[in-house]
file input.csv (CSV, C-alpha atoms)
chain,number,residue,atom,x,y,z
A,657,MET,CA,8.7,4.2,-31.0
A,658,ILE,CA,6.2,4.0,-28.1
A,659,ASP,CA,2.5,4.3,-29.0
A,660,SER,CA,1.5,7.2,-26.7
A,661,THR,CA,-2.2,6.6,-27.1
A,662,GLU,CA,-1.9,2.9,-26.2
A,663,HIS,CA,0.3,3.7,-23.2
A,664,LYS,CA,-2.1,6.2,-21.8
A,665,LYS,CA,-5.0,3.7,-22.2
A,666,ASN,CA,-3.3,0.7,-20.7
A,667,SER,CA,-0.9,2.0,-18.2
A,668,SER,CA,-0.5,0.3,-14.8
A,669,ILE,CA,0.7,3.4,-12.9
A,670,ILE,CA,-2.0,3.0,-10.2
A,671,MET,CA,-1.2,-0.3,-8.5
A,672,THR,CA,-3.6,-0.6,-5.5
A,673,SER,CA,-6.4,1.3,-3.7
A,674,ARG,CA,-7.0,1.4,0.0
A,675,ILE,CA,-9.7,3.0,2.3
A,676,ARG,CA,-9.3,3.1,6.0
A,677,LEU,CA,-11.9,4.2,8.6
A,678,ALA,CA,-11.0,5.3,12.2
A,679,ARG,CA,-13.6,4.5,14.8
A,680,ASN,CA,-13.9,4.6,18.6
A,681,ILE,CA,-16.4,3.3,21.1
A,682,ALA,CA,-18.8,5.8,22.7
A,683,GLY,CA,-18.1,6.4,26.4
A,684,LYS,CA,-14.6,4.7,26.3
A,685,ARG,CA,-11.3,6.5,26.7
A,686,PHE,CA,-9.1,6.6,23.6
A,687,ALA,CA,-6.5,3.8,23.4
A,688,ASN,CA,-3.6,6.0,24.2
A,689,SER,CA,-5.1,7.0,27.6
A,690,ALA,CA,-7.0,3.8,28.6
A,691,SER,CA,-5.9,1.5,31.3
A,692,PRO,CA,-4.9,-2.1,30.6
A,693,ASP,CA,-8.2,-3.3,31.9
A,694,GLU,CA,-10.1,-0.8,29.8
A,695,LEU,CA,-8.1,-1.8,26.7
A,696,ALA,CA,-9.0,-5.5,27.4
A,697,ASN,CA,-12.7,-4.6,27.6
A,698,ILE,CA,-12.4,-2.6,24.3
A,699,TYR,CA,-10.7,-5.5,22.6
A,700,ASP,CA,-13.5,-7.9,23.7
A,701,ILE,CA,-16.2,-5.5,22.4
A,702,CYS,CA,-14.5,-5.0,19.1
A,703,PHE,CA,-13.8,-8.7,18.6
A,704,ASN,CA,-17.4,-9.6,19.3
A,705,ALA,CA,-18.7,-7.0,16.8
A,706,LEU,CA,-16.2,-8.1,14.1
A,707,SER,CA,-17.1,-11.8,14.6
A,708,LYS,CA,-20.7,-11.0,14.0
A,709,ALA,CA,-20.1,-9.1,10.7
A,710,ARG,CA,-20.7,-11.3,7.8
A,711,GLN,CA,-17.8,-9.7,5.9
A,712,PHE,CA,-15.4,-11.3,8.4
A,713,LYS,CA,-16.9,-14.8,8.4
A,714,GLY,CA,-14.2,-17.4,7.7
A,715,GLY,CA,-11.5,-14.8,8.6
A,716,GLU,CA,-9.0,-14.9,11.4
A,717,CYS,CA,-8.2,-12.8,14.4
A,718,VAL,CA,-4.7,-12.7,15.9
A,719,LYS,CA,-3.6,-11.1,19.2
A,720,MET,CA,-0.3,-9.3,19.1
A,721,SER,CA,0.7,-11.1,22.3
A,722,GLU,CA,0.2,-14.4,20.7
A,723,ILE,CA,2.2,-13.8,17.5
A,724,SER,CA,5.9,-14.0,16.8
A,725,GLU,CA,8.0,-11.2,15.4
A,726,PHE,CA,8.0,-13.0,12.1
A,727,GLY,CA,4.2,-13.2,12.1
A,728,ARG,CA,3.9,-9.5,12.9
A,729,ALA,CA,6.3,-8.7,10.0
A,730,MET,CA,4.1,-10.8,7.6
A,731,LEU,CA,1.0,-8.8,8.7
A,732,ILE,CA,2.8,-5.5,8.1
A,733,GLU,CA,4.2,-6.5,4.7
A,734,ASP,CA,0.8,-7.8,3.6
A,735,LYS,CA,-0.7,-4.4,4.6
A,736,LEU,CA,-3.0,-6.0,7.1
A,737,ALA,CA,-1.5,-4.2,10.1
A,738,SER,CA,0.6,-1.1,10.7
A,739,ARG,CA,3.9,-0.7,12.4
A,740,GLU,CA,2.1,1.4,15.0
A,741,LEU,CA,0.0,-1.5,16.3
A,742,PRO,CA,1.5,-2.3,19.7
A,743,ALA,CA,3.7,-5.4,19.5
A,744,GLY,CA,3.2,-8.0,22.2
A,745,SER,CA,0.1,-6.3,23.6
A,746,PRO,CA,-2.6,-8.7,25.0
A,747,ALA,CA,-5.3,-6.0,24.1
A,748,SER,CA,-4.4,-5.3,20.5
A,749,GLY,CA,-4.8,-7.5,17.4
A,750,VAL,CA,-5.9,-7.8,13.8
A,751,PHE,CA,-9.0,-9.4,12.4
A,752,TYR,CA,-8.8,-10.1,8.7
A,753,SER,CA,-11.1,-11.6,6.1
A,754,ALA,CA,-10.4,-14.9,4.4
A,755,ASP,CA,-9.3,-13.2,1.2
A,756,TYR,CA,-7.2,-10.5,2.9
A,757,SER,CA,-9.2,-7.7,1.3
A,758,LEU,CA,-10.6,-6.5,4.6
A,759,SER,CA,-8.8,-6.1,7.9
A,760,ALA,CA,-9.5,-4.4,11.3
A,761,MET,CA,-6.8,-3.3,13.8
A,762,ILE,CA,-8.0,-3.3,17.4
A,763,ASN,CA,-6.4,-0.8,19.8
A,764,GLU,CA,-3.9,0.8,17.5
A,765,GLU,CA,-4.2,4.6,17.7
A,766,ASP,CA,-8.1,4.3,17.7
A,767,HIS,CA,-10.2,1.5,19.1
A,768,LEU,CA,-10.9,0.2,15.6
A,769,ARG,CA,-9.2,0.9,12.2
A,770,VAL,CA,-11.1,-0.9,9.5
A,771,GLN,CA,-9.7,-1.0,6.0
A,772,ALA,CA,-10.4,-2.4,2.5
A,773,LEU,CA,-7.7,-3.2,-0.1
A,774,GLY,CA,-8.1,-3.6,-3.8
A,775,VAL,CA,-6.0,-3.7,-7.0
A,776,LYS,CA,-5.7,-0.8,-9.4
A,777,GLN,CA,-8.1,2.2,-9.1
A,778,CYS,CA,-11.2,0.8,-7.4
A,779,LEU,CA,-12.0,3.3,-4.7
A,780,LYS,CA,-15.7,3.5,-5.4
A,781,SER,CA,-16.3,-0.2,-5.2
A,782,LEU,CA,-14.0,-0.4,-2.1
A,783,TRP,CA,-16.1,2.3,-0.4
A,784,ARG,CA,-19.4,0.4,-1.0
A,785,LYS,CA,-17.8,-2.7,0.5
A,786,LEU,CA,-16.3,-0.9,3.5
A,787,ASN,CA,-19.4,1.2,4.1
A,788,ALA,CA,-21.5,-2.0,4.3
A,789,THR,CA,-18.8,-3.5,6.6
A,790,ASP,CA,-18.9,-0.4,8.9
A,791,ASP,CA,-22.7,-0.6,9.1
A,792,ALA,CA,-22.5,-4.3,10.1
A,793,ILE,CA,-20.0,-3.5,12.8
A,794,GLU,CA,-22.1,-0.6,14.1
A,795,LYS,CA,-25.0,-2.9,14.8
A,796,ASN,CA,-23.0,-4.2,17.8
A,797,ILE,CA,-21.0,-1.1,18.7
A,798,GLU,CA,-22.1,2.5,19.5
A,799,TYR,CA,-19.5,4.7,17.9
A,800,ALA,CA,-18.2,7.9,19.4
A,801,TYR,CA,-19.9,10.5,17.2
A,802,SER,CA,-20.7,14.2,17.4
A,803,ASP,CA,-23.5,15.9,15.5
A,804,ASP,CA,-21.2,18.9,15.1
A,805,PHE,CA,-17.9,17.2,14.1
A,806,GLY,CA,-18.7,13.7,13.0
A,807,TYR,CA,-16.7,10.6,14.1
A,808,LEU,CA,-14.4,11.4,17.1
A,809,THR,CA,-10.9,10.1,16.8
A,810,ALA,CA,-7.7,10.0,18.9
A,811,CYS,CA,-5.9,12.3,16.4
A,812,PRO,CA,-7.7,15.5,15.5
A,813,THR,CA,-6.6,15.2,11.9
A,814,ASN,CA,-9.0,12.2,11.5
A,815,VAL,CA,-12.1,13.8,13.0
A,816,GLY,CA,-15.1,14.0,10.7
A,817,THR,CA,-15.4,11.1,8.3
A,818,GLY,CA,-12.5,9.3,9.9
A,819,MET,CA,-11.6,8.3,6.3
A,820,ARG,CA,-8.2,7.9,4.7
A,821,ALA,CA,-8.5,7.0,1.0
A,822,SER,CA,-5.3,6.3,-0.9
A,823,LEU,CA,-3.8,5.2,-4.2
A,824,MET,CA,-0.4,3.4,-4.5
A,825,MET,CA,1.2,4.7,-7.6
A,826,HIS,CA,4.4,3.9,-9.6
A,827,LEU,CA,6.0,7.2,-10.6
A,828,PRO,CA,9.5,6.5,-11.8
A,829,ALA,CA,9.7,9.0,-14.6
A,830,LEU,CA,8.6,11.9,-12.3
A,831,ALA,CA,11.1,10.7,-9.8
A,832,LEU,CA,13.9,10.4,-12.4
A,833,THR,CA,13.2,13.9,-13.8
A,834,GLU,CA,13.0,15.3,-10.2
A,835,GLN,CA,9.4,16.6,-10.5
A,836,MET,CA,8.0,14.7,-7.5
A,837,GLU,CA,8.8,17.3,-4.9
A,838,LYS,CA,7.0,20.0,-6.9
A,839,ILE,CA,4.0,17.7,-7.4
A,840,ALA,CA,3.9,16.8,-3.7
A,841,ARG,CA,3.9,20.5,-2.7
A,842,GLY,CA,1.0,21.2,-5.2
A,843,LEU,CA,-1.0,18.3,-3.9
A,844,ASN,CA,-0.4,19.4,-0.3
A,845,GLN,CA,-1.9,22.8,-1.1
A,846,LEU,CA,-5.0,21.0,-2.5
A,847,GLY,CA,-5.5,19.0,0.7
A,848,MET,CA,-3.7,15.9,-0.3
A,849,VAL,CA,-0.6,14.2,1.0
A,850,VAL,CA,2.2,12.2,-0.7
A,851,ARG,CA,4.0,9.5,1.3
A,852,GLY,CA,6.4,6.6,0.7
A,853,ALA,CA,5.1,3.2,-0.2
A,854,ASP,CA,4.8,2.1,3.4
A,855,GLY,CA,2.9,5.2,4.6
A,856,GLU,CA,3.8,8.0,7.0
A,857,GLY,CA,7.5,8.4,7.6
A,858,SER,CA,8.5,5.8,5.0
A,859,ASP,CA,11.0,6.1,2.2
A,860,SER,CA,9.9,6.2,-1.4
A,861,TYR,CA,12.4,3.7,-2.8
A,862,GLY,CA,11.6,2.3,-6.2
A,863,ALA,CA,9.5,5.4,-7.0
A,864,PHE,CA,6.4,4.0,-5.3
A,865,PHE,CA,4.2,6.7,-3.7
A,866,GLN,CA,1.0,6.7,-1.7
A,867,ILE,CA,-1.4,9.6,-2.5
A,868,SER,CA,-4.1,10.2,0.1
A,869,ASN,CA,-6.5,12.8,1.4
A,870,GLN,CA,-5.5,15.1,4.2
A,871,GLN,CA,-8.9,16.6,5.0
A,872,THR,CA,-11.5,14.5,6.8
A,873,LEU,CA,-13.6,17.3,8.3
A,874,GLY,CA,-16.2,19.2,6.3
A,875,MET,CA,-16.3,16.8,3.4
A,876,SER,CA,-18.4,13.7,2.7
A,877,GLU,CA,-16.9,10.3,2.0
A,878,ASP,CA,-18.0,10.5,-1.6
A,879,ASP,CA,-16.4,13.9,-2.0
A,880,ILE,CA,-13.1,12.6,-0.6
A,881,ILE,CA,-13.1,9.7,-3.0
A,882,LYS,CA,-14.0,11.8,-6.0
A,883,LYS,CA,-11.1,14.1,-5.1
A,884,ILE,CA,-8.6,11.3,-4.8
A,885,ILE,CA,-9.7,9.8,-8.2
A,886,LYS,CA,-9.5,13.2,-9.9
A,887,PHE,CA,-6.0,14.0,-8.7
A,888,GLY,CA,-4.8,10.4,-9.1
A,889,GLU,CA,-5.8,10.6,-12.8
A,890,LYS,CA,-4.0,13.9,-13.1
A,891,VAL,CA,-0.8,12.5,-11.6
A,892,CYS,CA,-1.0,9.6,-14.0
A,893,GLU,CA,-1.2,12.1,-16.8
A,894,PHE,CA,2.0,13.8,-15.5
A,895,GLU,CA,3.8,10.5,-15.2
A,896,ILE,CA,2.9,9.4,-18.7
A,897,ASN,CA,3.9,12.7,-20.2
A,898,ALA,CA,7.3,12.5,-18.3
A,899,ARG,CA,7.9,9.0,-19.6
A,900,LEU,CA,7.1,9.9,-23.2
A,901,LYS,CA,9.3,13.0,-23.1
A,902,LEU,CA,12.1,11.1,-21.5
A,903,TRP,CA,12.0,8.5,-24.2
A,904,GLN,CA,11.7,11.1,-26.9
A,905,ASP,CA,14.5,13.4,-25.7
A,906,SER,CA,16.9,11.0,-23.9
A,907,PRO,CA,16.2,7.4,-24.7
A,908,ILE,CA,19.7,6.4,-23.8
A,909,ILE,CA,19.0,7.3,-20.1
A,910,LEU,CA,16.2,4.8,-20.0
A,911,GLN,CA,18.1,2.2,-21.9
A,912,ASP,CA,21.0,2.6,-19.6
A,913,LYS,CA,18.8,2.2,-16.5
A,914,ILE,CA,17.1,-0.8,-17.9
A,915,SER,CA,20.4,-2.5,-18.9
A,916,ARG,CA,21.9,-1.8,-15.5
A,917,ALA,CA,18.8,-3.2,-13.7
A,918,VAL,CA,18.9,-6.4,-15.8
A,919,ALA,CA,22.6,-6.9,-15.3
A,920,ILE,CA,22.5,-6.4,-11.5
A,921,LEU,CA,19.5,-8.5,-10.9
A,922,LYS,CA,20.8,-11.3,-13.1
A,923,ASN,CA,24.3,-11.4,-11.6
A,924,CYS,CA,24.1,-10.0,-8.0
A,925,ARG,CA,25.2,-12.2,-5.1
A,926,LEU,CA,23.9,-10.0,-2.3
A,927,ILE,CA,21.1,-7.5,-2.5
A,928,ASP,CA,18.9,-5.8,0.1
A,929,THR,CA,15.2,-5.0,-0.3
A,930,ALA,CA,15.6,-1.3,-1.2
A,931,GLU,CA,18.1,-1.9,-4.0
A,932,ALA,CA,16.1,-4.8,-5.4
A,933,MET,CA,13.0,-2.7,-5.4
A,934,GLU,CA,14.8,0.1,-7.3
A,935,HIS,CA,15.8,-2.3,-10.1
A,936,LEU,CA,12.5,-4.0,-10.2
A,937,SER,CA,10.8,-0.6,-10.5
A,938,THR,CA,12.9,0.1,-13.6
A,939,LEU,CA,11.9,-3.2,-15.2
A,940,ARG,CA,8.2,-2.5,-14.3
A,941,LEU,CA,8.6,0.9,-16.1
A,942,CYS,CA,10.1,-0.9,-19.1
A,943,ALA,CA,7.2,-3.3,-19.3
A,944,ASP,CA,4.6,-0.6,-18.7
A,945,MET,CA,6.0,1.4,-21.6
A,946,GLY,CA,5.7,-1.5,-24.0
A,947,LEU,CA,9.5,-2.1,-24.1
A,948,MET,CA,9.1,-5.7,-23.0
A,949,GLN,CA,7.2,-8.5,-24.6
A,950,ASP,CA,4.0,-9.8,-22.9
A,951,ALA,CA,3.9,-6.6,-20.9
A,952,THR,CA,0.8,-7.4,-18.8
A,953,TYR,CA,2.2,-10.8,-17.8
A,954,ALA,CA,5.6,-9.1,-17.0
A,955,ILE,CA,4.0,-6.4,-14.8
A,956,ASN,CA,2.0,-9.0,-12.9
A,957,MET,CA,5.1,-11.1,-12.4
A,958,ILE,CA,7.2,-8.2,-11.2
A,959,ASP,CA,4.4,-7.1,-8.8
A,960,GLU,CA,4.3,-10.6,-7.3
A,961,VAL,CA,8.1,-10.7,-7.0
A,962,MET,CA,8.2,-7.3,-5.2
A,963,LEU,CA,6.1,-8.8,-2.4
A,964,ASP,CA,8.1,-12.0,-2.4
A,965,ILE,CA,11.4,-10.3,-1.8
A,966,LYS,CA,10.4,-8.4,1.3
A,967,PRO,CA,12.2,-9.7,4.4
A,968,ALA,CA,9.5,-11.9,6.0
A,969,HIS,CA,8.1,-13.1,2.7
A,970,ILE,CA,11.5,-14.2,1.3
A,971,GLN,CA,11.9,-16.2,4.5
A,972,ARG,CA,8.5,-17.8,4.2
A,973,LYS,CA,9.0,-18.5,0.5
A,974,PHE,CA,12.1,-20.5,1.2
A,975,ASN,CA,10.9,-21.8,4.5
A,976,ILE,CA,13.7,-20.1,6.5
A,977,ARG,CA,12.7,-18.8,9.9
A,978,GLU,CA,16.0,-17.9,11.7
A,979,ILE,CA,18.3,-16.0,9.4
A,980,ASP,CA,20.6,-12.9,9.5
A,981,SER,CA,20.3,-10.0,7.1
A,982,GLN,CA,23.3,-11.0,5.0
A,983,GLU,CA,22.0,-14.6,4.5
A,984,ARG,CA,18.6,-13.1,3.6
A,985,ASP,CA,20.3,-10.8,1.0
A,986,LYS,CA,22.0,-13.8,-0.4
A,987,VAL,CA,18.8,-15.8,-0.7
A,988,ARG,CA,17.0,-12.8,-2.3
A,989,ALA,CA,19.8,-12.3,-4.8
A,990,SER,CA,19.7,-16.0,-5.9
A,991,TYR,CA,15.9,-15.8,-6.3
A,992,LEU,CA,16.2,-12.6,-8.4
A,993,ASN,CA,18.9,-14.2,-10.6
A,994,SER,CA,16.3,-16.8,-11.7
A,995,VAL,CA,13.4,-14.4,-11.9
A,996,VAL,CA,15.1,-12.0,-14.4
A,997,LYS,CA,16.0,-14.9,-16.6
A,998,ALA,CA,12.3,-15.9,-16.7
A,999,LEU,CA,11.0,-12.5,-17.6
A,1000,PRO,CA,9.8,-11.8,-21.2
A,1001,LYS,CA,12.4,-10.5,-23.6
A,1002,LEU,CA,13.1,-6.8,-23.9
A,1003,LYS,CA,12.2,-5.0,-27.1
A,1004,ILE,CA,15.3,-2.8,-26.9
A,1005,LYS,CA,18.9,-3.8,-27.3

call {"tool": "encode", "arguments": {"input": "input.csv", "output": "structure tokens"}}
result
Amino acid sequence: MIDSTEHKKNSSIIMTSRIRLARNIAGKRFANSASPDELANIYDICFNALSKARQFKGGECVKMSEISEFGRAMLIEDKLASRELPAGSPASGVFYSADYSLSAMINEEDHLRVQALGVKQCLKSLWRKLNATDDAIEKNIEYAYSDDFGYLTACPTNVGTGMRASLMMHLPALALTEQMEKIARGLNQLGMVVRGADGEGSDSYGAFFQISNQQTLGMSEDDIIKKIIKFGEKVCEFEINARLKLWQDSPIILQDKISRAVAILKNCRLIDTAEAMEHLSTLRLCADMGLMQDATYAINMIDEVMLDIKPAHIQRKFNIREIDSQERDKVRASYLNSVVKALPKLKIK
């Protein structure tokens, strides 16, 4: 029997936190309407300001025109860059800190998009860090700002604070019991938005969802963060209750999913990223519910593997640069065969 009190206290439903700020330079046209020469000038101004910020000391800046498709994929999979950052552009790039916890995209939708990343629920500490970084950058850039509206952005939905705060959450029981659509609608009515793991327009395979604020105008940054934390905790409560009810009412459903996940990952010969993530999600749920020995170790191991199996990361891990999708699926399958055998033992038959 699962200890519901322990599960509520120790659950790893919230995986990561992220805060992103959209900023533009005063007197410069937005990136989507600027000329190539203007974009080059904007790049230089942003690069100079980021170089002088102590938070980026020891970090690295890469231009999208000087990076391979593989390198771009690595940046996207590491959440340092978005898919919308123009590929091959000499006036766009990413500046990231030495520990990967901070990154700044230059000439994406806005002149600057600065973000901070952290594990679990750490939005308050992330905001202190990002706010200090934003102040350091602003010493060398005059931001486009209106006393009436706040920070001016290329997309009207970001005007105001320019802030997007989000939590990456693992919600397999809510997905399995088909409650996510209802919860997403409810959050939307409260000024929140639910997206797939890779943000806007992405699929939610593996039951990984990103919950973020929709409103940036008429609220302070602190209010936005408090709101995200409040509703993030509420969604955690819904997920835990769904897990416990599922285990109490239909344990065979979970046992079957877990057994299938183990069998497939242990014996597959070809497996793509989406299917692998689905089965790893099931094993993560198993560990988080205390149905696997050494649960914390197992969750950390699974989280690491979920990054390792992404297309660019699996190629880097095995030092393979040129590879077709079938060969990559074969390498991924072989890796997962060994990973599952190394996981702690299940507490269920």

call {"tool": "atom_distance", "arguments": {"input": "input.csv", "atom1": "atom CA of Arg841 of chain A", "atom2": "atom CA of Lys890 of chain A"}}
result
14.6 Å

call {"tool": "atom_distance", "arguments": {"input": "input.csv", "atom1": "atom CA of Arg899 of chain A", "atom2": "atom CA of Glu733 of chain A"}}
result
29.1 Å

call {"tool": "closest_residue", "arguments": {"input": "input.csv", "among": "A:Ile675, A:Met945, A:Ala729, A:Leu706", "to": "Arg972 of chain A", "atoms": "all atoms listed in the file"}}
result
A:Ala729

call {"tool": "residues_around", "arguments": {"input": "input.csv", "residues": "Arg674 of chain A", "least_positions_apart": "6", "cutoff": "12 Å", "atoms": "all atoms listed in the file", "output": "NGL selection string"}}
result
:A and (735-736 or 757-759 or 770-783 or 785-786 or 819-825 or 855 or 866-869 or 881 or 884)

call {"tool": "residues_around", "arguments": {"input": "input.csv", "residues": "Lys684 of chain A", "least_positions_apart": "4", "cutoff": "9 Å", "atoms": "all atoms listed in the file", "output": "PDB file with C-alpha atoms, in the frame of the given file"}}
result
ATOM      1  CA  ASN A 680     -13.900   4.600  18.600  1.00  0.00           C
ATOM      2  CA  ALA A 690      -7.000   3.800  28.600  1.00  0.00           C
ATOM      3  CA  GLU A 694     -10.100  -0.800  29.800  1.00  0.00           C
ATOM      4  CA  ILE A 698     -12.400  -2.600  24.300  1.00  0.00           C
ATOM      5  CA  ALA A 800     -18.200   7.900  19.400  1.00  0.00           C
TER       6      ALA A 800
END

call {"tool": "atom_distance", "arguments": {"input": "input.csv", "atom1": "atom CA of Lys1003 of chain A", "atom2": "atom CA of Gln835 of chain A"}}
result
27.4 Å

call {"tool": "residues_around", "arguments": {"input": "input.csv", "residues": "Gly749 of chain A", "least_positions_apart": "6", "cutoff": "6 Å", "atoms": "only C-alpha atoms", "output": "PyMOL selection string"}}
result
chain A and resi 718-720+761-762

call {"tool": "build_atoms", "arguments": {"input": "input.csv", "residues": "segment 799-814 of chain A", "atoms": "N, CA, C and O atoms", "output": "PDB file, in the coordinates of the input"}}
result
ATOM      1  N   TYR A 799     -20.659   3.909  18.147  1.00  0.00           N
ATOM      2  CA  TYR A 799     -19.500   4.700  17.900  1.00  0.00           C
ATOM      3  C   TYR A 799     -19.501   6.055  18.571  1.00  0.00           C
ATOM      4  O   TYR A 799     -20.576   6.625  18.799  1.00  0.00           O
ATOM      5  N   ALA A 800     -18.311   6.568  18.877  1.00  0.00           N
ATOM      6  CA  ALA A 800     -18.200   7.900  19.400  1.00  0.00           C
ATOM      7  C   ALA A 800     -18.426   8.893  18.263  1.00  0.00           C
ATOM      8  O   ALA A 800     -17.649   8.942  17.297  1.00  0.00           O
ATOM      9  N   TYR A 801     -19.511   9.670  18.369  1.00  0.00           N
ATOM     10  CA  TYR A 801     -19.900  10.500  17.200  1.00  0.00           C
ATOM     11  C   TYR A 801     -20.486  11.832  17.765  1.00  0.00           C
ATOM     12  O   TYR A 801     -21.181  11.875  18.784  1.00  0.00           O
ATOM     13  N   SER A 802     -20.171  12.910  17.072  1.00  0.00           N
ATOM     14  CA  SER A 802     -20.700  14.200  17.400  1.00  0.00           C
ATOM     15  C   SER A 802     -21.483  14.788  16.248  1.00  0.00           C
ATOM     16  O   SER A 802     -21.029  14.710  15.096  1.00  0.00           O
ATOM     17  N   ASP A 803     -22.661  15.332  16.540  1.00  0.00           N
ATOM     18  CA  ASP A 803     -23.500  15.900  15.500  1.00  0.00           C
ATOM     19  C   ASP A 803     -22.753  17.121  14.837  1.00  0.00           C
ATOM     20  O   ASP A 803     -22.992  17.452  13.675  1.00  0.00           O
ATOM     21  N   ASP A 804     -21.871  17.762  15.591  1.00  0.00           N
ATOM     22  CA  ASP A 804     -21.200  18.900  15.100  1.00  0.00           C
ATOM     23  C   ASP A 804     -19.903  18.549  14.278  1.00  0.00           C
ATOM     24  O   ASP A 804     -19.582  19.188  13.270  1.00  0.00           O
ATOM     25  N   PHE A 805     -19.197  17.515  14.739  1.00  0.00           N
ATOM     26  CA  PHE A 805     -17.900  17.200  14.100  1.00  0.00           C
ATOM     27  C   PHE A 805     -17.856  15.885  13.369  1.00  0.00           C
ATOM     28  O   PHE A 805     -16.952  15.675  12.570  1.00  0.00           O
ATOM     29  N   GLY A 806     -18.759  14.981  13.630  1.00  0.00           N
ATOM     30  CA  GLY A 806     -18.700  13.700  13.000  1.00  0.00           C
ATOM     31  C   GLY A 806     -18.067  12.645  13.908  1.00  0.00           C
ATOM     32  O   GLY A 806     -18.178  12.733  15.140  1.00  0.00           O
ATOM     33  N   TYR A 807     -17.360  11.666  13.338  1.00  0.00           N
ATOM     34  CA  TYR A 807     -16.700  10.600  14.100  1.00  0.00           C
ATOM     35  C   TYR A 807     -15.544  11.194  14.912  1.00  0.00           C
ATOM     36  O   TYR A 807     -14.730  11.951  14.363  1.00  0.00           O
ATOM     37  N   LEU A 808     -15.468  10.843  16.197  1.00  0.00           N
ATOM     38  CA  LEU A 808     -14.400  11.400  17.100  1.00  0.00           C
ATOM     39  C   LEU A 808     -13.245  10.386  17.090  1.00  0.00           C
ATOM     40  O   LEU A 808     -13.435   9.176  17.268  1.00  0.00           O
ATOM     41  N   THR A 809     -12.045  10.918  16.912  1.00  0.00           N
ATOM     42  CA  THR A 809     -10.900  10.100  16.800  1.00  0.00           C
ATOM     43  C   THR A 809      -9.749  10.563  17.715  1.00  0.00           C
ATOM     44  O   THR A 809      -9.745  11.711  18.166  1.00  0.00           O
ATOM     45  N   ALA A 810      -8.790   9.679  17.973  1.00  0.00           N
ATOM     46  CA  ALA A 810      -7.700  10.000  18.900  1.00  0.00           C
ATOM     47  C   ALA A 810      -6.849  11.160  18.342  1.00  0.00           C
ATOM     48  O   ALA A 810      -6.380  12.005  19.103  1.00  0.00           O
ATOM     49  N   CYS A 811      -6.639  11.197  17.036  1.00  0.00           N
ATOM     50  CA  CYS A 811      -5.900  12.300  16.400  1.00  0.00           C
ATOM     51  C   CYS A 811      -6.879  13.246  15.752  1.00  0.00           C
ATOM     52  O   CYS A 811      -7.727  12.814  14.960  1.00  0.00           O
ATOM     53  N   PRO A 812      -6.785  14.539  16.059  1.00  0.00           N
ATOM     54  CA  PRO A 812      -7.700  15.500  15.500  1.00  0.00           C
ATOM     55  C   PRO A 812      -7.778  15.544  13.976  1.00  0.00           C
ATOM     56  O   PRO A 812      -8.796  15.907  13.383  1.00  0.00           O
ATOM     57  N   THR A 813      -6.687  15.145  13.324  1.00  0.00           N
ATOM     58  CA  THR A 813      -6.600  15.200  11.900  1.00  0.00           C
ATOM     59  C   THR A 813      -7.578  14.164  11.211  1.00  0.00           C
ATOM     60  O   THR A 813      -7.831  14.231  10.013  1.00  0.00           O
ATOM     61  N   ASN A 814      -8.090  13.216  12.000  1.00  0.00           N
ATOM     62  CA  ASN A 814      -9.000  12.200  11.500  1.00  0.00           C
ATOM     63  C   ASN A 814     -10.462  12.459  11.796  1.00  0.00           C
ATOM     64  O   ASN A 814     -11.352  11.725  11.355  1.00  0.00           O
TER      65      ASN A 814
END
